[in-house]
Amino acid sequence: MTTILAAALASPAAAETIRIASFDPELTRKGPGLLLRDIQSGKDNQVLAVAMVIAKVNPDVLLLTGFDWDHDRAALRAFTQLMARSGVDYPYLLAPQTNRGMASGADLDNDGRLAEADDSQGWGSFTGQNGMAILSRIPLGNVVDYSEGLWRDMPGNLIGDALSPEAKTVQRLSTSGHWDVELLTDPPLHVLAFAATAPVFDGPEDRNGRRNHDEIAFWQTHLPNAPFVIAGNANLDPVDGDGRHEAIRNLIENKRISDARPASAGGAAAADAGQSGDPALDTADWPDDGPGNLRVTYLLPSRALRVTGSGVVWPTDEEPLYQAAAVASPHKLVWIDVEIAD
């Protein structure tokens, strides 16, 4: 009895397993208040499909990278109430205003007109359109918000001649935001959340391609001295589609980062002709005459964490969640299970 007790006391504490997910549900509408209306109606097929996908995975921490922001977090609170009715509770919410739809006061796209969606700090036709939010069962600690940092101030940036001298004085790096969010686990785990601009929809100056590169590269010099998971929509595939692919490849290959390579059978089955990357790793299902299927959403844990599971919610057409995942969003929810231990 004494020997058994002594052995138990000498054993390390059981590691805590946390499921983290990142999802761009495209819960964005054409005007303020419309998303809240659709959630409260209880009849919006897309809203209900998004809720079904999330409930199936049931993550402990969820980053949404496509969700309209409002001052009172009314839409987010209504959505969490909808989730709660499915038995999925998130008592801790984080949704500061992002750069999406925030007026810059400058002609950022150099078209001679002001106060357009392209002149916002991050593209948006109204304040907070297509913002970000974190939903968590785990209490949140310190939050460092880097979103006000100017693009020109980032060391080694690729801004070049992509902006006018006036635009360079106001243009922020973050399209949506860059957040370092501490989860009060033991030891604390940091979620490094972001959503980068798409590296398209510009001209030969490659403004969006350059900015996308630098939004991803930002994390190379902002990794905490603690366990972390980089989470979000990088809007960039390592090999396929448009953009400066070296940005995401360099991040994945950082010596402090591991890539669990979350995969799905649905992505593998939907492979595009001529695709160079592994289609099982894809996280977005866009038309073949457009971007095609790409890996753009990532969960990249630090090597201090042990990954015990991962996946992408992209069911095959024979699986029961197939229709819900298709209706929810062209993007697919990505998840990983990580073990936290001293």
# chains A, B, ... in the order shown; residues from 1 in each chain; ligands from 1
call {"tool": "closest_atom_pairs", "arguments": {"of": "region 307-338 of chain A", "to": "region 258-265 of chain A", "cutoff": "6 Å", "atoms": "only C-alpha atoms", "output": "JSON lines"}}
result
{"residue": "A:Ser310", "atom": "CA", "partner": "A:Pro262", "partner_atom": "CA", "distance": 5.0}
{"residue": "A:Gly311", "atom": "CA", "partner": "A:Pro262", "partner_atom": "CA", "distance": 4.3}
{"residue": "A:Val312", "atom": "CA", "partner": "A:Ser264", "partner_atom": "CA", "distance": 5.2}
{"residue": "A:Trp314", "atom": "CA", "partner": "A:Ser264", "partner_atom": "CA", "distance": 5.7}
call {"tool": "residues_around", "arguments": {"residues": "Val334 (chain A)", "least_positions_apart": "2", "cutoff": "8 Å", "atoms": "only C-alpha atoms", "output": "PyMOL selection string"}}
result
chain A and resi 21-23+262+283+297-299+310-313+332+336
call {"tool": "closest_residue", "arguments": {"among": "A:Gly232, A:Gly292, A:Pro187, A:Pro315", "to": "Ala269 (chain A)", "atoms": "only C-alpha atoms"}}
result
A:Pro315
call {"tool": "residues_around", "arguments": {"residues": "Leu94 (chain A)", "least_positions_apart": "3", "cutoff": "9 Å", "atoms": "only C-alpha atoms", "output": "list in words"}}
result
Met132, Ala133, Ile134, Leu135, Ser136 and Leu140 of chain A
call {"tool": "closest_residue", "arguments": {"among": "A:Asp153, A:Asp89, A:Asp24, A:Glu339", "to": "Ala231 (chain A)", "atoms": "only C-alpha atoms"}}
result
A:Asp24
